[in-house]
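File shown: coords.cif (mmCIF, C-alpha atoms and all ligand atoms).
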```cif
data_target
loop_
_atom_site.group_PDB
_atom_site.id
_atom_site.type_symbol
_atom_site.label_atom_id
_atom_site.label_comp_id
_atom_site.auth_asym_id
_atom_site.auth_seq_id
_atom_site.Cartn_x
_atom_site.Cartn_y
_atom_site.Cartn_z
ATOM 1 C CA MET Z 1 131.454 153.463 164.656
ATOM 2 C CA ALA Z 2 128.809 154.455 162.123
ATOM 3 C CA SER Z 3 125.440 155.084 163.695
ATOM 4 C CA ARG Z 4 122.881 152.373 163.210
ATOM 5 C CA PRO Z 5 119.109 152.469 162.938
ATOM 6 C CA ALA Z 6 116.854 151.482 165.805
ATOM 7 C CA VAL Z 7 113.343 150.337 166.383
ATOM 8 C CA PHE Z 8 112.059 152.025 169.528
ATOM 9 C CA ILE Z 9 109.408 149.929 171.222
ATOM 10 C CA ASP Z 10 106.807 151.002 173.734
ATOM 11 C CA ARG Z 11 106.409 148.455 176.538
ATOM 12 C CA ASP Z 12 102.815 148.148 177.783
ATOM 13 C CA GLY Z 13 100.378 147.230 175.008
ATOM 14 C CA THR Z 14 103.138 146.871 172.402
ATOM 15 C CA LEU Z 15 105.840 144.524 173.685
ATOM 16 C CA THR Z 16 103.787 143.202 176.597
ATOM 17 C CA GLU Z 17 100.097 142.891 177.371
ATOM 18 C CA GLU Z 18 98.358 146.077 178.503
ATOM 19 C CA VAL Z 19 97.190 145.167 181.999
ATOM 20 C CA GLY Z 20 97.241 148.559 183.719
ATOM 21 C CA TYR Z 21 100.021 149.334 186.182
ATOM 22 C CA VAL Z 22 102.555 146.512 186.276
ATOM 23 C CA ASN Z 23 103.284 146.524 190.005
ATOM 24 C CA HIS Z 24 104.684 142.980 190.166
ATOM 25 C CA PRO Z 25 106.784 140.920 187.731
ATOM 26 C CA ALA Z 26 103.984 138.308 187.706
ATOM 27 C CA ARG Z 27 101.762 140.810 185.849
ATOM 28 C CA LEU Z 28 104.185 141.165 182.966
ATOM 29 C CA ARG Z 29 103.377 139.030 179.918
ATOM 30 C CA LEU Z 30 105.027 139.215 176.542
ATOM 31 C CA LEU Z 31 102.610 139.448 173.626
ATOM 32 C CA PRO Z 32 102.683 136.321 171.424
ATOM 33 C CA ARG Z 33 105.141 137.351 168.698
ATOM 34 C CA SER Z 34 107.192 139.898 170.652
ATOM 35 C CA ALA Z 35 110.267 137.762 171.271
ATOM 36 C CA GLU Z 36 110.334 136.692 167.637
ATOM 37 C CA ALA Z 37 110.123 140.338 166.556
ATOM 38 C CA ILE Z 38 113.035 141.352 168.806
ATOM 39 C CA ARG Z 39 115.065 138.405 167.551
ATOM 40 C CA ARG Z 40 114.544 139.584 163.972
ATOM 41 C CA LEU Z 41 115.910 143.003 164.886
ATOM 42 C CA ASN Z 42 118.905 141.429 166.641
ATOM 43 C CA ARG Z 43 119.709 139.382 163.553
ATOM 44 C CA ALA Z 44 119.278 142.373 161.233
ATOM 45 C CA GLY Z 45 121.749 144.451 163.293
ATOM 46 C CA VAL Z 46 119.049 146.987 164.145
ATOM 47 C CA ALA Z 47 118.972 148.226 167.725
ATOM 48 C CA ALA Z 48 115.870 147.186 169.693
ATOM 49 C CA VAL Z 49 115.236 149.859 172.304
ATOM 50 C CA MET Z 50 112.345 149.887 174.766
ATOM 51 C CA VAL Z 51 110.993 153.346 175.671
ATOM 52 C CA THR Z 52 108.250 153.464 178.274
ATOM 53 C CA ASN Z 53 106.354 155.930 180.453
ATOM 54 C CA GLN Z 54 105.966 154.534 183.970
ATOM 55 C CA ALA Z 55 104.119 157.246 185.877
ATOM 56 C CA GLY Z 56 103.176 154.615 188.462
ATOM 57 C CA ILE Z 57 106.508 155.558 190.038
ATOM 58 C CA ALA Z 58 105.519 159.219 190.398
ATOM 59 C CA ARG Z 59 102.057 158.205 191.588
ATOM 60 C CA GLY Z 60 103.567 155.957 194.261
ATOM 61 C CA TYR Z 61 101.896 152.812 192.893
ATOM 62 C CA PHE Z 62 105.215 150.948 192.762
ATOM 63 C CA SER Z 63 108.839 151.628 193.592
ATOM 64 C CA GLU Z 64 111.886 151.896 191.394
ATOM 65 C CA ASP Z 65 112.978 148.511 192.794
ATOM 66 C CA VAL Z 66 109.739 146.929 191.580
ATOM 67 C CA LEU Z 67 110.149 148.569 188.175
ATOM 68 C CA ARG Z 68 113.675 147.150 187.997
ATOM 69 C CA ALA Z 69 112.419 143.662 188.907
ATOM 70 C CA VAL Z 70 109.671 143.880 186.276
ATOM 71 C CA ASN Z 71 112.116 144.922 183.576
ATOM 72 C CA GLU Z 72 114.589 142.210 184.646
ATOM 73 C CA SER Z 73 111.793 139.680 184.245
ATOM 74 C CA LEU Z 74 111.147 141.053 180.760
ATOM 75 C CA VAL Z 75 114.826 140.725 179.834
ATOM 76 C CA ASP Z 76 114.856 137.157 181.215
ATOM 77 C CA GLN Z 77 111.750 136.139 179.283
ATOM 78 C CA LEU Z 78 113.261 137.519 176.084
ATOM 79 C CA ALA Z 79 116.608 135.823 176.755
ATOM 80 C CA LYS Z 80 114.847 132.462 177.045
ATOM 81 C CA ALA Z 81 113.637 133.061 173.506
ATOM 82 C CA ASP Z 82 117.123 134.144 172.352
ATOM 83 C CA ALA Z 83 116.058 137.794 172.021
ATOM 84 C CA ARG Z 84 117.797 140.843 173.463
ATOM 85 C CA LEU Z 85 116.951 144.509 173.967
ATOM 86 C CA ASP Z 86 119.826 146.917 173.301
ATOM 87 C CA GLY Z 87 118.464 149.394 175.808
ATOM 88 C CA LEU Z 88 115.597 149.974 178.233
ATOM 89 C CA TYR Z 89 114.627 153.599 178.798
ATOM 90 C CA VAL Z 90 112.000 154.652 181.327
ATOM 91 C CA CYS Z 91 110.288 157.935 182.224
ATOM 92 C CA PRO Z 92 109.227 157.677 185.902
ATOM 93 C CA HIS Z 93 107.759 161.186 186.014
ATOM 94 C CA HIS Z 94 104.334 162.774 186.083
ATOM 95 C CA PRO Z 95 103.757 166.513 185.698
ATOM 96 C CA SER Z 96 101.213 166.848 188.514
ATOM 97 C CA GLU Z 97 101.021 163.649 190.607
ATOM 98 C CA GLY Z 98 103.144 162.594 193.561
ATOM 99 C CA ARG Z 99 106.189 164.360 194.934
ATOM 100 C CA PRO Z 100 109.493 165.569 193.531
ATOM 101 C CA PRO Z 101 111.779 164.406 192.081
ATOM 102 C CA PHE Z 102 109.242 162.266 190.209
ATOM 103 C CA ARG Z 103 106.587 164.988 190.055
ATOM 104 C CA ALA Z 104 108.251 166.953 187.316
ATOM 105 C CA GLU Z 105 107.718 168.615 183.961
ATOM 106 C CA CYS Z 106 110.339 166.390 182.396
ATOM 107 C CA GLU Z 107 111.601 166.129 178.848
ATOM 108 C CA CYS Z 108 111.279 162.352 178.722
ATOM 109 C CA ARG Z 109 107.566 161.579 179.201
ATOM 110 C CA LYS Z 110 106.165 160.652 175.817
ATOM 111 C CA PRO Z 111 104.850 162.436 173.723
ATOM 112 C CA LYS Z 112 108.085 164.315 174.462
ATOM 113 C CA PRO Z 113 111.064 162.736 172.708
ATOM 114 C CA GLY Z 114 113.624 162.799 175.552
ATOM 115 C CA LEU Z 115 113.952 159.029 175.898
ATOM 116 C CA LEU Z 116 114.577 158.624 172.172
ATOM 117 C CA LEU Z 117 117.166 161.406 172.180
ATOM 118 C CA ARG Z 118 118.949 159.954 175.211
ATOM 119 C CA ALA Z 119 119.031 156.500 173.644
ATOM 120 C CA ALA Z 120 120.317 157.919 170.349
ATOM 121 C CA ALA Z 121 123.151 159.723 172.127
ATOM 122 C CA GLU Z 122 124.109 156.779 174.328
ATOM 123 C CA LEU Z 123 123.780 154.016 171.745
ATOM 124 C CA GLY Z 124 124.855 155.895 168.603
ATOM 125 C CA LEU Z 125 121.594 155.648 166.687
ATOM 126 C CA ASP Z 126 120.576 157.183 163.369
ATOM 127 C CA LEU Z 127 117.144 158.603 164.153
ATOM 128 C CA SER Z 128 116.321 159.354 160.512
ATOM 129 C CA ARG Z 129 116.472 155.615 159.740
ATOM 130 C CA SER Z 130 114.723 154.623 162.960
ATOM 131 C CA THR Z 131 111.127 153.776 163.782
ATOM 132 C CA MET Z 132 109.038 154.162 166.934
ATOM 133 C CA VAL Z 133 106.354 151.527 167.528
ATOM 134 C CA GLY Z 134 103.553 152.022 170.022
ATOM 135 C CA ASP Z 135 99.863 151.592 170.792
ATOM 136 C CA LYS Z 136 99.076 155.257 171.518
ATOM 137 C CA PRO Z 137 99.092 158.545 169.613
ATOM 138 C CA SER Z 138 101.722 159.880 172.052
ATOM 139 C CA ASP Z 139 104.157 157.304 170.647
ATOM 140 C CA LEU Z 140 103.598 158.709 167.140
ATOM 141 C CA VAL Z 141 104.174 162.277 168.341
ATOM 142 C CA ALA Z 142 107.504 161.301 169.919
ATOM 143 C CA ALA Z 143 108.529 159.582 166.672
ATOM 144 C CA ARG Z 144 107.717 162.619 164.547
ATOM 145 C CA ALA Z 145 109.586 164.947 166.919
ATOM 146 C CA VAL Z 146 112.891 163.203 166.172
ATOM 147 C CA GLY Z 147 112.299 162.491 162.475
ATOM 148 C CA ALA Z 148 111.745 158.764 163.011
ATOM 149 C CA GLY Z 149 108.950 156.767 161.425
ATOM 150 C CA GLY Z 150 105.895 156.061 163.549
ATOM 151 C CA VAL Z 151 103.995 152.769 163.564
ATOM 152 C CA LEU Z 152 100.762 152.231 165.473
ATOM 153 C CA VAL Z 153 100.141 148.644 166.572
ATOM 154 C CA LEU Z 154 96.607 147.355 167.071
ATOM 155 C CA THR Z 155 97.521 145.535 170.291
ATOM 156 C CA GLY Z 156 96.967 147.197 173.679
ATOM 157 C CA TYR Z 157 95.058 150.478 173.264
ATOM 158 C CA GLY Z 158 95.918 150.563 169.561
ATOM 159 C CA LEU Z 159 92.743 149.039 168.105
ATOM 160 C CA GLY Z 160 90.452 151.361 170.048
ATOM 161 C CA GLU Z 161 92.594 154.395 169.335
ATOM 162 C CA TRP Z 162 92.622 153.600 165.622
ATOM 163 C CA GLU Z 163 88.960 152.647 165.259
ATOM 164 C CA TYR Z 164 87.350 155.327 167.389
ATOM 165 C CA ARG Z 165 89.837 158.133 167.942
ATOM 166 C CA ARG Z 166 91.946 158.513 164.827
ATOM 167 C CA ALA Z 167 90.268 161.817 163.951
ATOM 168 C CA THR Z 168 91.907 163.264 167.078
ATOM 169 C CA PHE Z 169 95.465 162.113 166.201
ATOM 170 C CA GLU Z 170 97.934 165.005 165.980
ATOM 171 C CA VAL Z 171 100.333 162.810 164.021
ATOM 172 C CA GLU Z 172 99.214 160.199 161.509
ATOM 173 C CA PRO Z 173 100.978 156.856 161.699
ATOM 174 C CA ASP Z 174 103.323 156.090 158.808
ATOM 175 C CA HIS Z 175 102.029 152.551 159.077
ATOM 176 C CA VAL Z 176 99.467 150.578 161.086
ATOM 177 C CA ALA Z 177 100.453 147.010 162.013
ATOM 178 C CA ASP Z 178 98.594 144.163 163.681
ATOM 179 C CA ASP Z 179 101.369 143.749 166.226
ATOM 180 C CA LEU Z 180 105.051 144.362 166.917
ATOM 181 C CA MET Z 181 106.103 141.703 164.434
ATOM 182 C CA GLY Z 182 104.179 143.461 161.668
ATOM 183 C CA ALA Z 183 105.740 146.758 162.712
ATOM 184 C CA VAL Z 184 109.244 145.273 162.612
ATOM 185 C CA ASP Z 185 108.589 143.803 159.160
ATOM 186 C CA TRP Z 186 107.590 147.244 157.924
ATOM 187 C CA ALA Z 187 110.526 148.998 159.600
ATOM 188 C CA LEU Z 188 113.084 146.564 158.200
ATOM 189 C CA ALA Z 189 111.657 146.827 154.697
ATOM 190 C CA ARG Z 190 110.902 150.530 154.522
ATOM 191 C CA ARG Z 191 113.082 152.466 156.941
ATOM 192 C CA VAL Z 192 116.379 150.799 157.690
ATOM 193 C CA ALA Z 193 118.030 150.800 154.273
ATOM 194 C CA ALA Z 194 117.040 154.355 153.332
HETATM 195 MG MG MG U 201 101.558 151.490 175.457
HETATM 196 ZN ZN ZN U 202 110.271 161.882 182.426
#
```

Take the structure in this file and express it as structure tokens.
Ligand SMILES: [Mg+2]
Ligand SMILES: [Zn+2]
Amino acid sequence: MASRPAVFIDRDGTLTEEVGYVNHPARLRLLPRSAEAIRRLNRAGVAAVMVTNQAGIARGYFSEDVLRAVNESLVDQLAKADARLDGLYVCPHHPSEGRPPFRAECECRKPKPGLLLRAAAELGLDLSRSTMVGDKPSDLVAARAVGAGGVLVLTGYGLGEWEYRRATFEVEPDHVADDLMGAVDWALARRVAA
């Protein structure tokens, strides 16, 4: 099977509202056009892959079972809108908080690209035609590390990062979008066919 492009999507602040640690499924809320954006990717044959840092696990703020329930709720909410993620990838680690095995200098906590590399290997993705979308500079660094495009969304932390902190960005975004839908529009037009 030929490898296909993907859009990698950060969770908190990009796909869902940034509300701090999501320690209960009731705190998880899709942003307004998220399901529509995922549905567009599904219909275009582009993999939609969530990649998220969840250091709340390492910090002991919530368990792996709670994380699983939260992500199941996300999948359910998307399914009700006829939208489907092709993969959900999570880094539960933190380099200095909590206890092993979650206190770890891992390769998967963004800005490191481990989650993207794992997804590419498991799902057969063409990283050079892929795009990473997120609301933080660390999402852009992970994108650049694997040769994917990087889009900053202005939801979540994105607006503040872009307005007040862009001079500190190690990696410039290839595009800045109002939200995930805008990012998907750009990725489908500019990245996928290349
Ligand atoms: Mg985020
Ligand atoms: Zn990790």

Show which residues sit within 12 Å of region 30-36 of chain Z, as a PyMOL selection string. Count all atoms listed in the file, and ignore same-chain residues fewer than 6 positions away. chain Z and resi 9-19+42-43+48+50+70-71+73-85+153-156+178-185

For Met132 (chain Z), the nearest of the candidates Z:Ser96, Z:Thr52, Z:Ser3, Z:Thr168, counting all atoms listed in the file: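 Of the candidates, the smallest distance to Met132 (chain Z) is held by Z:Thr52.
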
Give me, as a Markdown table, the closest atom pair and its distance (Å, one decimal) for every residue of chain Z within a cut-off of 9 Å of ligand ZN 202 (chain U), counting all atoms listed in the file, rows sorted by chain and rising number.
```
| residue | atom | partner | partner_atom | distance |
| --- | --- | --- | --- | --- |
| Z:Asn53 | CA | U:ZN202 | ZN | 7.4 |
| Z:Gln54 | CA | U:ZN202 | ZN | 8.7 |
| Z:Ala55 | CA | U:ZN202 | ZN | 8.4 |
| Z:Val90 | CA | U:ZN202 | ZN | 7.5 |
| Z:Cys91 | CA | U:ZN202 | ZN | 4.0 |
| Z:Pro92 | CA | U:ZN202 | ZN | 5.6 |
| Z:His93 | CA | U:ZN202 | ZN | 4.4 |
| Z:His94 | CA | U:ZN202 | ZN | 7.0 |
| Z:Pro95 | CA | U:ZN202 | ZN | 8.6 |
| Z:Phe102 | CA | U:ZN202 | ZN | 7.9 |
| Z:Ala104 | CA | U:ZN202 | ZN | 7.3 |
| Z:Glu105 | CA | U:ZN202 | ZN | 7.4 |
| Z:Cys106 | CA | U:ZN202 | ZN | 4.5 |
| Z:Glu107 | CA | U:ZN202 | ZN | 5.7 |
| Z:Cys108 | CA | U:ZN202 | ZN | 3.9 |
| Z:Arg109 | CA | U:ZN202 | ZN | 4.2 |
| Z:Lys110 | CA | U:ZN202 | ZN | 7.9 |
| Z:Lys112 | CA | U:ZN202 | ZN | 8.6 |
| Z:Gly114 | CA | U:ZN202 | ZN | 7.7 |
| Z:Leu115 | CA | U:ZN202 | ZN | 8.0 |
```

Okay, now the selection with C-alpha atoms, as a tab-separated table (two decimals), in the frame of the given file?
```tsv
chain	number	residue	atom	x	y	z
Z	53	ASN	CA	106.35	155.93	180.45
Z	54	GLN	CA	105.97	154.53	183.97
Z	55	ALA	CA	104.12	157.25	185.88
Z	90	VAL	CA	112.00	154.65	181.33
Z	91	CYS	CA	110.29	157.94	182.22
Z	92	PRO	CA	109.23	157.68	185.90
Z	93	HIS	CA	107.76	161.19	186.01
Z	94	HIS	CA	104.33	162.77	186.08
Z	95	PRO	CA	103.76	166.51	185.70
Z	102	PHE	CA	109.24	162.27	190.21
Z	104	ALA	CA	108.25	166.95	187.32
Z	105	GLU	CA	107.72	168.62	183.96
Z	106	CYS	CA	110.34	166.39	182.40
Z	107	GLU	CA	111.60	166.13	178.85
Z	108	CYS	CA	111.28	162.35	178.72
Z	109	ARG	CA	107.57	161.58	179.20
Z	110	LYS	CA	106.16	160.65	175.82
Z	112	LYS	CA	108.08	164.32	174.46
Z	114	GLY	CA	113.62	162.80	175.55
Z	115	LEU	CA	113.95	159.03	175.90
```

Pick out the residues sitting within 10 Å of Asn23 (chain Z), and hand them over as a VMD selection string; count all atoms listed in the file, and ignore anything fewer than 6 positions along from it in its own chain. chain Z and resid 56 to 57 61 to 63 66 to 67 69 to 70

Keeping C-alpha atoms for every residue in the selection just given, could you write it to a file as a compact mmCIF listing (two decimals), keeping the file's coordinate frame?
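Done, and the output landed in result_9.txt:
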```
# COMPACT_ATOMS: atom_id res chain seq x y z
CA GLY Z 56 103.18 154.62 188.46
CA ILE Z 57 106.51 155.56 190.04
CA TYR Z 61 101.90 152.81 192.89
CA PHE Z 62 105.22 150.95 192.76
CA SER Z 63 108.84 151.63 193.59
CA VAL Z 66 109.74 146.93 191.58
CA LEU Z 67 110.15 148.57 188.18
CA ALA Z 69 112.42 143.66 188.91
CA VAL Z 70 109.67 143.88 186.28
```

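Shortest separation to Gly147 (chain Z) among Z:Glu122, Z:Asp135, Z:Asp174, Z:Glu163 occurs at residue Z:Asp174, atoms counted being all atoms listed in the file.
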
Go ahead and compute the interatomic distance for CA of His24 (chain Z) and CA of Leu88 (chain Z), in Å to one decimal.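 Taking CA of His24 (chain Z) as the start and CA of Leu88 (chain Z) as the end point, the length is 17.6 Å.
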